[in-house]
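Engineer: First, the structure itself, so that you have it in front of you.
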Amino acid sequence: MIVTLSETAAILSSAQRIVITAHQNPDGDAIGSSLGLMHILRSLGKEASVLLDDDIPAIFSVLPGYDIIGRPDEEKPVEADLLVVLDTATDRTGCTMKAVHAAHLLNIDHHQTNDGSAEYSYIAATRAATAEIIYDLMQELPVTLNKEMAMCIYTGLATDSGFFRFSNTTSHTMRAAADLLDHGVEPNVISEALEQKPYQTIRDIGEAIERAELFADGHAAGIFLDLETTARMKSTESFIGMIRVIEGVDIAVVLKTKEEGICRVSMRSKGLDVSAIAVQFGGGGHTRAAGCTLAMPFEDAKRTICEAISKAIRAYHCQGEK
């Protein structure tokens with residue numbers, strides 16, 4: 001059921017034991033919005049915790065509450081009044097849905113591909129980040145914004161807007177960021193923390209760039225990592241940004257093999273709707289940033305996503321020629 005922002009606030013207010021989760025392979029928005037909401041709810045006297053079914057990158061240790069993020073355990077289920085799923089539809093949270101026994105389910109997201117099928121869903125596709133929705137939600141609650149909340153929300157806002165460079169950045173985004181700065185956010189501390197990379201990661205970036213391939217007549221660029229390569233690389237988070245800037249490239253894609261027969265795909269575009277590609281494979285996202293998981297061997301996954309991207313690019317250019 002689709003609910004309004006004020007109804008979302010009422011649902012949160014009516015619950016006491018609340019578990020917050022987000023998508024696997026969590027990014028700055030998933031982590032920042034989750035921790036930001038946790039701090040908000042705790043300030044209201046709620047028993048709020050964050051469970052994420054994946055490793056949490058150490059660069060986010062700058063955020064208050066990073067050290068108490070938990071992992072869901074199906075063998076030790078958690079009882080809650082409310083499970084809140086942030087920054088994704090409910091099917092991308094790993095084992096969290098099974099590990100949390102909650103009386104009610106609330107989904108808060110900004111992805112246009114979210115179908116709003118959860119028990120309660122608040123979807124705001126015009127917001128640059130789910131963290132921006134959490135900022136809006138705070139205005140509906142009897143909360144006094146503090147530095148802990150502001151640091152987390154700002155991180156989600158900044159990372160999902162490309163530090164306010166992407167086309168999803170609006171005047172509302174900037175006003176929210178300014179207010180967060182007024183409440184103690186140190187943007188240099190956050191950006192410097194997120195820019196930190198281990199020496200091995202720099203070496204991995206070099207190897208990844210060497211592996212970069214052009215396809216679709218040079219209109220697409222990809223980095224494709226098999227299981228062995230993915231396993232030994234420290235982090236793959238920055239790879240897609242490295243190839244997205246190649247001249248003439250409409251779509252950048254990174255495919256990494258998380259386990260045998262399971263490949264995760266991330267796509268970025270300069271105009272094409274990559275969410276339409278992701279939806280074909282059960283994924284989702286935004287017009288210019290989307291992803292999916294392909295349950296197939298590496299070579300099959302690579303061929304499948306390259307064919308889908310090439311087809312989308314051909315259609316896009318044919319349409320432009322009319």
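Labeling convention for the structure tokens: chains A, B, ... as they appear, residues from 1 per chain, ligands from 1 in order of appearance.
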List the neighbours of segment 210-218 of chain A out to 8 Å using only C-alpha atoms; skip same-chain residues closer than 2 positions along the sequence, and give me the result as a PyMOL selection string.
Structural biologist: chain A and resi 206-208+220-224+243+248-249+306+309-310+313
Engineer: List every residue of segment 108-222 of chain A that DSSP, applied to the backbone of this structure, places in alpha helix (DSSP H), and write the result as a PDB file with N, CA and C atoms, in the first residue's frame.
Structural biologist:
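Result file is states-v5.pdb:
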ATOM      1  N   THR A 130      17.688   8.259  -0.843  1.00  0.00           N
ATOM      2  CA  THR A 130      16.781   7.890   0.240  1.00  0.00           C
ATOM      3  C   THR A 130      17.085   8.729   1.467  1.00  0.00           C
ATOM      4  N   ALA A 131      18.338   9.113   1.630  1.00  0.00           N
ATOM      5  CA  ALA A 131      18.710   9.984   2.748  1.00  0.00           C
ATOM      6  C   ALA A 131      17.966  11.314   2.680  1.00  0.00           C
ATOM      7  N   GLU A 132      17.669  11.786   1.478  1.00  0.00           N
ATOM      8  CA  GLU A 132      16.909  13.028   1.333  1.00  0.00           C
ATOM      9  C   GLU A 132      15.473  12.831   1.828  1.00  0.00           C
ATOM     10  N   ILE A 133      14.933  11.621   1.614  1.00  0.00           N
ATOM     11  CA  ILE A 133      13.605  11.305   2.146  1.00  0.00           C
ATOM     12  C   ILE A 133      13.647  11.263   3.670  1.00  0.00           C
ATOM     13  N   ILE A 134      14.706  10.680   4.225  1.00  0.00           N
ATOM     14  CA  ILE A 134      14.852  10.636   5.687  1.00  0.00           C
ATOM     15  C   ILE A 134      14.903  12.059   6.243  1.00  0.00           C
ATOM     16  N   TYR A 135      15.563  12.953   5.523  1.00  0.00           N
ATOM     17  CA  TYR A 135      15.581  14.367   5.938  1.00  0.00           C
ATOM     18  C   TYR A 135      14.159  14.931   5.929  1.00  0.00           C
ATOM     19  N   ASP A 136      13.413  14.665   4.865  1.00  0.00           N
ATOM     20  CA  ASP A 136      12.020  15.128   4.788  1.00  0.00           C
ATOM     21  C   ASP A 136      11.186  14.541   5.919  1.00  0.00           C
ATOM     22  N   LEU A 137      11.393  13.250   6.177  1.00  0.00           N
ATOM     23  CA  LEU A 137      10.635  12.547   7.208  1.00  0.00           C
ATOM     24  C   LEU A 137      10.867  13.158   8.586  1.00  0.00           C
ATOM     25  N   MET A 138      12.074  13.613   8.801  1.00  0.00           N
ATOM     26  CA  MET A 138      12.423  14.214  10.078  1.00  0.00           C
ATOM     27  C   MET A 138      11.563  15.444  10.377  1.00  0.00           C
ATOM     28  N   LYS A 147      24.222  16.428  15.277  1.00  0.00           N
ATOM     29  CA  LYS A 147      25.357  16.131  14.409  1.00  0.00           C
ATOM     30  C   LYS A 147      25.368  14.664  13.982  1.00  0.00           C
ATOM     31  N   GLU A 148      25.011  13.737  14.879  1.00  0.00           N
ATOM     32  CA  GLU A 148      25.013  12.322  14.522  1.00  0.00           C
ATOM     33  C   GLU A 148      24.078  12.054  13.353  1.00  0.00           C
ATOM     34  N   MET A 149      22.865  12.561  13.458  1.00  0.00           N
ATOM     35  CA  MET A 149      21.897  12.395  12.376  1.00  0.00           C
ATOM     36  C   MET A 149      22.403  13.060  11.107  1.00  0.00           C
ATOM     37  N   ALA A 150      22.883  14.286  11.253  1.00  0.00           N
ATOM     38  CA  ALA A 150      23.289  15.089  10.097  1.00  0.00           C
ATOM     39  C   ALA A 150      24.442  14.448   9.333  1.00  0.00           C
ATOM     40  N   MET A 151      25.440  13.906  10.040  1.00  0.00           N
ATOM     41  CA  MET A 151      26.582  13.280   9.375  1.00  0.00           C
ATOM     42  C   MET A 151      26.137  12.107   8.505  1.00  0.00           C
ATOM     43  N   CYS A 152      25.231  11.299   9.036  1.00  0.00           N
ATOM     44  CA  CYS A 152      24.778  10.110   8.307  1.00  0.00           C
ATOM     45  C   CYS A 152      23.908  10.493   7.108  1.00  0.00           C
ATOM     46  N   ILE A 153      22.961  11.386   7.334  1.00  0.00           N
ATOM     47  CA  ILE A 153      22.059  11.782   6.254  1.00  0.00           C
ATOM     48  C   ILE A 153      22.831  12.494   5.146  1.00  0.00           C
ATOM     49  N   TYR A 154      23.761  13.364   5.527  1.00  0.00           N
ATOM     50  CA  TYR A 154      24.556  14.081   4.527  1.00  0.00           C
ATOM     51  C   TYR A 154      25.365  13.108   3.663  1.00  0.00           C
ATOM     52  N   THR A 155      25.904  12.082   4.278  1.00  0.00           N
ATOM     53  CA  THR A 155      26.699  11.105   3.521  1.00  0.00           C
ATOM     54  C   THR A 155      25.855  10.424   2.450  1.00  0.00           C
ATOM     55  N   GLY A 156      24.646  10.015   2.813  1.00  0.00           N
ATOM     56  CA  GLY A 156      23.758   9.412   1.826  1.00  0.00           C
ATOM     57  C   GLY A 156      23.390  10.387   0.727  1.00  0.00           C
ATOM     58  N   LEU A 157      23.117  11.610   1.115  1.00  0.00           N
ATOM     59  CA  LEU A 157      22.733  12.653   0.154  1.00  0.00           C
ATOM     60  C   LEU A 157      23.880  12.958  -0.805  1.00  0.00           C
ATOM     61  N   ALA A 158      25.072  13.108  -0.262  1.00  0.00           N
ATOM     62  CA  ALA A 158      26.227  13.491  -1.080  1.00  0.00           C
ATOM     63  C   ALA A 158      26.654  12.367  -2.028  1.00  0.00           C
ATOM     64  N   THR A 159      26.690  11.141  -1.532  1.00  0.00           N
ATOM     65  CA  THR A 159      27.187  10.049  -2.375  1.00  0.00           C
ATOM     66  C   THR A 159      26.230   9.721  -3.512  1.00  0.00           C
ATOM     67  N   ASP A 160      24.927   9.735  -3.258  1.00  0.00           N
ATOM     68  CA  ASP A 160      23.990   9.377  -4.319  1.00  0.00           C
ATOM     69  C   ASP A 160      23.781  10.497  -5.336  1.00  0.00           C
ATOM     70  N   SER A 171      17.279  21.852  -6.109  1.00  0.00           N
ATOM     71  CA  SER A 171      17.412  22.934  -5.126  1.00  0.00           C
ATOM     72  C   SER A 171      17.053  22.424  -3.733  1.00  0.00           C
ATOM     73  N   HIS A 172      16.114  21.496  -3.661  1.00  0.00           N
ATOM     74  CA  HIS A 172      15.759  20.906  -2.366  1.00  0.00           C
ATOM     75  C   HIS A 172      16.936  20.129  -1.796  1.00  0.00           C
ATOM     76  N   THR A 173      17.643  19.404  -2.656  1.00  0.00           N
ATOM     77  CA  THR A 173      18.829  18.660  -2.230  1.00  0.00           C
ATOM     78  C   THR A 173      19.852  19.603  -1.617  1.00  0.00           C
ATOM     79  N   MET A 174      20.087  20.702  -2.278  1.00  0.00           N
ATOM     80  CA  MET A 174      21.093  21.660  -1.806  1.00  0.00           C
ATOM     81  C   MET A 174      20.658  22.350  -0.516  1.00  0.00           C
ATOM     82  N   ARG A 175      19.372  22.656  -0.410  1.00  0.00           N
ATOM     83  CA  ARG A 175      18.883  23.280   0.830  1.00  0.00           C
ATOM     84  C   ARG A 175      18.991  22.309   2.002  1.00  0.00           C
ATOM     85  N   ALA A 176      18.679  21.043   1.739  1.00  0.00           N
ATOM     86  CA  ALA A 176      18.810  20.034   2.794  1.00  0.00           C
ATOM     87  C   ALA A 176      20.271  19.915   3.228  1.00  0.00           C
ATOM     88  N   ALA A 177      21.179  19.889   2.256  1.00  0.00           N
ATOM     89  CA  ALA A 177      22.612  19.783   2.562  1.00  0.00           C
ATOM     90  C   ALA A 177      23.075  20.978   3.385  1.00  0.00           C
ATOM     91  N   ALA A 178      22.596  22.171   3.033  1.00  0.00           N
ATOM     92  CA  ALA A 178      22.988  23.374   3.769  1.00  0.00           C
ATOM     93  C   ALA A 178      22.523  23.298   5.223  1.00  0.00           C
ATOM     94  N   ASP A 179      21.303  22.800   5.426  1.00  0.00           N
ATOM     95  CA  ASP A 179      20.784  22.665   6.786  1.00  0.00           C
ATOM     96  C   ASP A 179      21.606  21.657   7.582  1.00  0.00           C
ATOM     97  N   LEU A 180      21.990  20.575   6.923  1.00  0.00           N
ATOM     98  CA  LEU A 180      22.803  19.559   7.596  1.00  0.00           C
ATOM     99  C   LEU A 180      24.172  20.133   7.990  1.00  0.00           C
ATOM    100  N   LEU A 181      24.733  20.970   7.125  1.00  0.00           N
ATOM    101  CA  LEU A 181      26.006  21.626   7.449  1.00  0.00           C
ATOM    102  C   LEU A 181      25.835  22.550   8.647  1.00  0.00           C
ATOM    103  N   ASP A 182      24.696  23.214   8.706  1.00  0.00           N
ATOM    104  CA  ASP A 182      24.423  24.101   9.837  1.00  0.00           C
ATOM    105  C   ASP A 182      24.322  23.349  11.153  1.00  0.00           C
ATOM    106  N   PRO A 187      31.917  18.484   5.832  1.00  0.00           N
ATOM    107  CA  PRO A 187      31.972  17.821   4.526  1.00  0.00           C
ATOM    108  C   PRO A 187      33.367  17.346   4.152  1.00  0.00           C
ATOM    109  N   ASN A 188      34.389  18.062   4.586  1.00  0.00           N
ATOM    110  CA  ASN A 188      35.750  17.639   4.270  1.00  0.00           C
ATOM    111  C   ASN A 188      36.110  16.336   4.977  1.00  0.00           C
ATOM    112  N   VAL A 189      35.622  16.164   6.200  1.00  0.00           N
ATOM    113  CA  VAL A 189      35.890  14.928   6.945  1.00  0.00           C
ATOM    114  C   VAL A 189      35.250  13.737   6.229  1.00  0.00           C
ATOM    115  N   ILE A 190      34.022  13.922   5.767  1.00  0.00           N
ATOM    116  CA  ILE A 190      33.311  12.849   5.080  1.00  0.00           C
ATOM    117  C   ILE A 190      33.965  12.541   3.730  1.00  0.00           C
ATOM    118  N   SER A 191      34.216  13.573   2.929  1.00  0.00           N
ATOM    119  CA  SER A 191      34.788  13.332   1.595  1.00  0.00           C
ATOM    120  C   SER A 191      36.176  12.724   1.689  1.00  0.00           C
ATOM    121  N   GLU A 192      36.994  13.190   2.629  1.00  0.00           N
ATOM    122  CA  GLU A 192      38.339  12.629   2.774  1.00  0.00           C
ATOM    123  C   GLU A 192      38.295  11.180   3.227  1.00  0.00           C
ATOM    124  N   ALA A 193      37.329  10.852   4.107  1.00  0.00           N
ATOM    125  CA  ALA A 193      37.195   9.476   4.573  1.00  0.00           C
ATOM    126  C   ALA A 193      36.770   8.559   3.419  1.00  0.00           C
ATOM    127  N   LEU A 194      35.819   9.029   2.620  1.00  0.00           N
ATOM    128  CA  LEU A 194      35.310   8.199   1.531  1.00  0.00           C
ATOM    129  C   LEU A 194      36.298   8.083   0.375  1.00  0.00           C
ATOM    130  N   GLU A 195      37.205   9.037   0.277  1.00  0.00           N
ATOM    131  CA  GLU A 195      38.213   8.994  -0.792  1.00  0.00           C
ATOM    132  C   GLU A 195      39.392   8.095  -0.450  1.00  0.00           C
ATOM    133  N   TYR A 199      46.346   0.729  -0.537  1.00  0.00           N
ATOM    134  CA  TYR A 199      47.284   0.606  -1.651  1.00  0.00           C
ATOM    135  C   TYR A 199      46.843  -0.484  -2.625  1.00  0.00           C
ATOM    136  N   GLN A 200      46.351  -1.611  -2.075  1.00  0.00           N
ATOM    137  CA  GLN A 200      45.934  -2.707  -2.943  1.00  0.00           C
ATOM    138  C   GLN A 200      44.762  -2.302  -3.837  1.00  0.00           C
ATOM    139  N   THR A 201      43.876  -1.446  -3.313  1.00  0.00           N
ATOM    140  CA  THR A 201      42.749  -0.988  -4.123  1.00  0.00           C
ATOM    141  C   THR A 201      43.231  -0.187  -5.323  1.00  0.00           C
ATOM    142  N   ILE A 202      44.257   0.627  -5.121  1.00  0.00           N
ATOM    143  CA  ILE A 202      44.820   1.404  -6.231  1.00  0.00           C
ATOM    144  C   ILE A 202      45.385   0.464  -7.294  1.00  0.00           C
ATOM    145  N   ARG A 203      46.040  -0.583  -6.837  1.00  0.00           N
ATOM    146  CA  ARG A 203      46.565  -1.574  -7.782  1.00  0.00           C
ATOM    147  C   ARG A 203      45.417  -2.282  -8.510  1.00  0.00           C
ATOM    148  N   ASP A 204      44.337  -2.561  -7.766  1.00  0.00           N
ATOM    149  CA  ASP A 204      43.169  -3.199  -8.373  1.00  0.00           C
ATOM    150  C   ASP A 204      42.537  -2.291  -9.434  1.00  0.00           C
ATOM    151  N   ILE A 205      42.496  -0.992  -9.157  1.00  0.00           N
ATOM    152  CA  ILE A 205      41.949  -0.040 -10.128  1.00  0.00           C
ATOM    153  C   ILE A 205      42.759  -0.079 -11.413  1.00  0.00           C
ATOM    154  N   GLY A 206      44.084  -0.132 -11.253  1.00  0.00           N
ATOM    155  CA  GLY A 206      44.947  -0.202 -12.423  1.00  0.00           C
ATOM    156  C   GLY A 206      44.675  -1.451 -13.244  1.00  0.00           C
ATOM    157  N   GLU A 207      44.517  -2.590 -12.561  1.00  0.00           N
ATOM    158  CA  GLU A 207      44.231  -3.833 -13.270  1.00  0.00           C
ATOM    159  C   GLU A 207      42.860  -3.769 -13.940  1.00  0.00           C
ATOM    160  N   ALA A 208      41.898  -3.200 -13.235  1.00  0.00           N
ATOM    161  CA  ALA A 208      40.550  -3.109 -13.784  1.00  0.00           C
ATOM    162  C   ALA A 208      40.518  -2.260 -15.045  1.00  0.00           C
ATOM    163  N   ILE A 209      41.235  -1.146 -15.044  1.00  0.00           N
ATOM    164  CA  ILE A 209      41.265  -0.282 -16.223  1.00  0.00           C
ATOM    165  C   ILE A 209      41.910  -1.011 -17.399  1.00  0.00           C
ATOM    166  N   GLU A 210      42.945  -1.802 -17.095  1.00  0.00           N
ATOM    167  CA  GLU A 210      43.571  -2.592 -18.160  1.00  0.00           C
ATOM    168  C   GLU A 210      42.595  -3.614 -18.749  1.00  0.00           C
ATOM    169  N   ARG A 211      41.646  -4.069 -17.931  1.00  0.00           N
ATOM    170  CA  ARG A 211      40.674  -5.049 -18.375  1.00  0.00           C
ATOM    171  C   ARG A 211      39.481  -4.410 -19.090  1.00  0.00           C
TER     172      ARG A 211
END
Engineer: With the cut-off set at 12 Å and counting only C-alpha atoms, tabulate each residue of segment 222-284 of chain A with an atom at most that distance from an atom of segment 50-68 of chain A, showing the nearest atom pair and its distance in Å to one decimal, ordered by chain and increasing number, as a tab-separated table.
Structural biologist:
residue	atom	partner	partner_atom	distance
A:Lys234	CA	A:Pro57	CA	10.1
A:Ser235	CA	A:Pro57	CA	8.6
A:Thr236	CA	A:Pro57	CA	11.0
A:Glu237	CA	A:Pro57	CA	9.7
A:Lys258	CA	A:Asp54	CA	11.4
Engineer: Between A:Leu141, A:Thr113, A:Thr257, A:Ser33, which is the closest to Ala125 of chain A once you count only C-alpha atoms?
Structural biologist: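 Ranked by minimum distance to Ala125 of chain A, first place goes to A:Thr113.
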Engineer: In terms of the shortest atom-to-atom distance over only C-alpha atoms, which of A:Ala89, A:Cys318, A:Val100, A:Leu12 is closest to Pro142 of chain A?
Structural biologist: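 Of A:Ala89, A:Cys318, A:Val100, A:Leu12, the one nearest Pro142 of chain A, counting only C-alpha atoms, is A:Leu12.
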Engineer: Name the residues in contact with Val143 of chain A at a cut-off of 9 Å, using only C-alpha atoms, excluding same-chain residues fewer than 2 positions from it; report them as a PDB file with all heavy atoms, in the first residue's frame.
Structural biologist:
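Ended up saving to selection-v1.pdb:
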ATOM      1  N   ILE A  40      17.566   8.988  14.532  1.00  0.00           N
ATOM      2  CA  ILE A  40      16.302   9.716  14.690  1.00  0.00           C
ATOM      3  C   ILE A  40      15.358   8.949  15.603  1.00  0.00           C
ATOM      4  O   ILE A  40      14.780   9.499  16.555  1.00  0.00           O
ATOM      5  CB  ILE A  40      15.641   9.960  13.313  1.00  0.00           C
ATOM      6  CG1 ILE A  40      16.439  10.988  12.514  1.00  0.00           C
ATOM      7  CG2 ILE A  40      14.185  10.406  13.468  1.00  0.00           C
ATOM      8  CD1 ILE A  40      16.028  11.095  11.054  1.00  0.00           C
ATOM      9  N   LEU A  41      15.194   7.662  15.333  1.00  0.00           N
ATOM     10  CA  LEU A  41      14.270   6.849  16.120  1.00  0.00           C
ATOM     11  C   LEU A  41      14.741   6.688  17.564  1.00  0.00           C
ATOM     12  O   LEU A  41      13.934   6.705  18.500  1.00  0.00           O
ATOM     13  CB  LEU A  41      14.101   5.479  15.456  1.00  0.00           C
ATOM     14  CG  LEU A  41      13.413   5.511  14.077  1.00  0.00           C
ATOM     15  CD1 LEU A  41      13.436   4.128  13.442  1.00  0.00           C
ATOM     16  CD2 LEU A  41      11.986   6.018  14.189  1.00  0.00           C
ATOM     17  N   SER A  43      16.391   8.832  19.210  1.00  0.00           N
ATOM     18  CA  SER A  43      16.150  10.103  19.895  1.00  0.00           C
ATOM     19  C   SER A  43      14.695  10.215  20.350  1.00  0.00           C
ATOM     20  O   SER A  43      14.373  11.006  21.252  1.00  0.00           O
ATOM     21  CB  SER A  43      16.499  11.286  18.983  1.00  0.00           C
ATOM     22  OG  SER A  43      15.499  11.498  18.003  1.00  0.00           O
ATOM     23  N   LEU A  44      13.817   9.423  19.734  1.00  0.00           N
ATOM     24  CA  LEU A  44      12.405   9.392  20.106  1.00  0.00           C
ATOM     25  C   LEU A  44      12.114   8.316  21.149  1.00  0.00           C
ATOM     26  O   LEU A  44      10.958   8.058  21.485  1.00  0.00           O
ATOM     27  CB  LEU A  44      11.547   9.135  18.864  1.00  0.00           C
ATOM     28  CG  LEU A  44      11.575  10.226  17.788  1.00  0.00           C
ATOM     29  CD1 LEU A  44      10.830   9.756  16.541  1.00  0.00           C
ATOM     30  CD2 LEU A  44      10.973  11.515  18.320  1.00  0.00           C
ATOM     31  N   MET A 138      12.074  13.613   8.801  1.00  0.00           N
ATOM     32  CA  MET A 138      12.423  14.214  10.078  1.00  0.00           C
ATOM     33  C   MET A 138      11.563  15.444  10.377  1.00  0.00           C
ATOM     34  O   MET A 138      11.287  15.768  11.533  1.00  0.00           O
ATOM     35  CB  MET A 138      13.910  14.594  10.049  1.00  0.00           C
ATOM     36  CG  MET A 138      14.492  14.930  11.394  1.00  0.00           C
ATOM     37  SD  MET A 138      16.293  14.968  11.272  1.00  0.00           S
ATOM     38  CE  MET A 138      16.519  15.980   9.810  1.00  0.00           C
ATOM     39  N   GLN A 139      11.115  16.129   9.315  1.00  0.00           N
ATOM     40  CA  GLN A 139      10.291  17.320   9.497  1.00  0.00           C
ATOM     41  C   GLN A 139       8.896  16.956   9.994  1.00  0.00           C
ATOM     42  O   GLN A 139       8.160  17.812  10.498  1.00  0.00           O
ATOM     43  CB  GLN A 139      10.173  18.101   8.173  1.00  0.00           C
ATOM     44  CG  GLN A 139      11.456  18.250   7.377  1.00  0.00           C
ATOM     45  CD  GLN A 139      12.634  18.784   8.171  1.00  0.00           C
ATOM     46  OE1 GLN A 139      12.497  19.760   8.900  1.00  0.00           O
ATOM     47  NE2 GLN A 139      13.783  18.148   8.029  1.00  0.00           N
ATOM     48  N   GLU A 140       8.541  15.672   9.838  1.00  0.00           N
ATOM     49  CA  GLU A 140       7.220  15.194  10.266  1.00  0.00           C
ATOM     50  C   GLU A 140       7.247  14.604  11.675  1.00  0.00           C
ATOM     51  O   GLU A 140       6.209  14.186  12.185  1.00  0.00           O
ATOM     52  CB  GLU A 140       6.721  14.110   9.292  1.00  0.00           C
ATOM     53  CG  GLU A 140       6.608  14.551   7.838  1.00  0.00           C
ATOM     54  CD  GLU A 140       5.396  15.426   7.596  1.00  0.00           C
ATOM     55  OE1 GLU A 140       4.395  15.278   8.325  1.00  0.00           O
ATOM     56  OE2 GLU A 140       5.451  16.261   6.669  1.00  0.00           O
ATOM     57  N   LEU A 141       8.412  14.556  12.270  1.00  0.00           N
ATOM     58  CA  LEU A 141       8.572  13.938  13.579  1.00  0.00           C
ATOM     59  C   LEU A 141       9.064  14.960  14.606  1.00  0.00           C
ATOM     60  O   LEU A 141       9.746  15.925  14.247  1.00  0.00           O
ATOM     61  CB  LEU A 141       9.574  12.781  13.487  1.00  0.00           C
ATOM     62  CG  LEU A 141       9.145  11.581  12.633  1.00  0.00           C
ATOM     63  CD1 LEU A 141      10.346  10.689  12.334  1.00  0.00           C
ATOM     64  CD2 LEU A 141       8.047  10.781  13.337  1.00  0.00           C
ATOM     65  N   LEU A 145      17.290  17.927  15.127  1.00  0.00           N
ATOM     66  CA  LEU A 145      18.435  17.484  14.330  1.00  0.00           C
ATOM     67  C   LEU A 145      19.735  17.702  15.086  1.00  0.00           C
ATOM     68  O   LEU A 145      19.985  18.778  15.623  1.00  0.00           O
ATOM     69  CB  LEU A 145      18.455  18.263  13.009  1.00  0.00           C
ATOM     70  CG  LEU A 145      19.586  17.956  12.016  1.00  0.00           C
ATOM     71  CD1 LEU A 145      19.561  16.501  11.594  1.00  0.00           C
ATOM     72  CD2 LEU A 145      19.464  18.874  10.798  1.00  0.00           C
TER      73      LEU A 145
END
Engineer: Hey, which of A:Arg244, A:His286, A:Arg17, A:His183 ends up closest to Thr144 of chain A? Count only C-alpha atoms.
Structural biologist: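 Between A:Arg244, A:His286, A:Arg17, A:His183, the residue approaching Thr144 of chain A most closely is A:His183.
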Engineer: Extract the full set of strand (DSSP E or B) residues from segment 67-187 of chain A according to DSSP on the backbone, and format it as number ranges by chain.
Structural biologist: A: 70, 78-86, 100-109, 120-123
Engineer: Write out as a PyMOL selection string which residues come within 12 Å of Ser121 of chain A when counting only C-alpha atoms, dropping same-chain ones fewer than 2 positions away.
Structural biologist: chain A and resi 1-5+7-9+11+83-90+104-111+114-119+123-124
Engineer: Of the candidates A:Leu272, A:Tyr120, A:Ala129, A:Pro77, which one gets nearest to Ser34 of chain A if we count only C-alpha atoms?
Structural biologist: A:Ala129
Engineer: When you look at Asp226 of chain A with a cut-off of 7 Å (counting only C-alpha atoms), what residues show up, excluding the ones that are within fewer than 4 positions of it in the same chain? I need them as a PyMOL selection string.
Structural biologist: chain A and resi 230+256-257+298
Engineer: Just how far from atom CA of Met97 of chain A is atom CA of Thr287 of chain A, in Å to one decimal?
Structural biologist: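 So the answer is 27.1 Å.
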Engineer: How many Å lie between atom CA of Ser269 of chain A and atom CA of Asn168 of chain A, rounded to one decimal?
Structural biologist: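 Value for the atom CA of Ser269 of chain A-atom CA of Asn168 of chain A distance: 13.0 Å.
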Engineer: May I ask which of the residues A:Val245, A:Leu255, A:Ala315, A:Met233 is the closest one to Lys302 of chain A, counting only C-alpha atoms?
Structural biologist: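 Closest candidate: A:Leu255.
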Engineer: Could you jot down the atom CA of Lys76 of chain A to atom CA of Ala15 of chain A separation for me, Å, one decimal place?
Structural biologist: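 According to the coordinates, atom CA of Lys76 of chain A and atom CA of Ala15 of chain A are separated by 21.5 Å.
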Engineer: Give me, as a VMD selection string, all polymer residues having an atom no more than 12 Å from Ser275 of chain A, counting only C-alpha atoms and skipping those fewer than 2 positions away in the same chain.
Structural biologist: chain A and resid 111 to 114 251 265 to 269 271 to 273 277 to 292 308 to 309 312
Engineer: Give the answer as one residue: which of A:Leu225, A:Leu82, A:Ala301, A:Met242 has the shortest atom-to-atom distance to Ala103 of chain A, using only C-alpha atoms?
Structural biologist: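 Closest to Ala103 of chain A of all the choices is A:Leu82.
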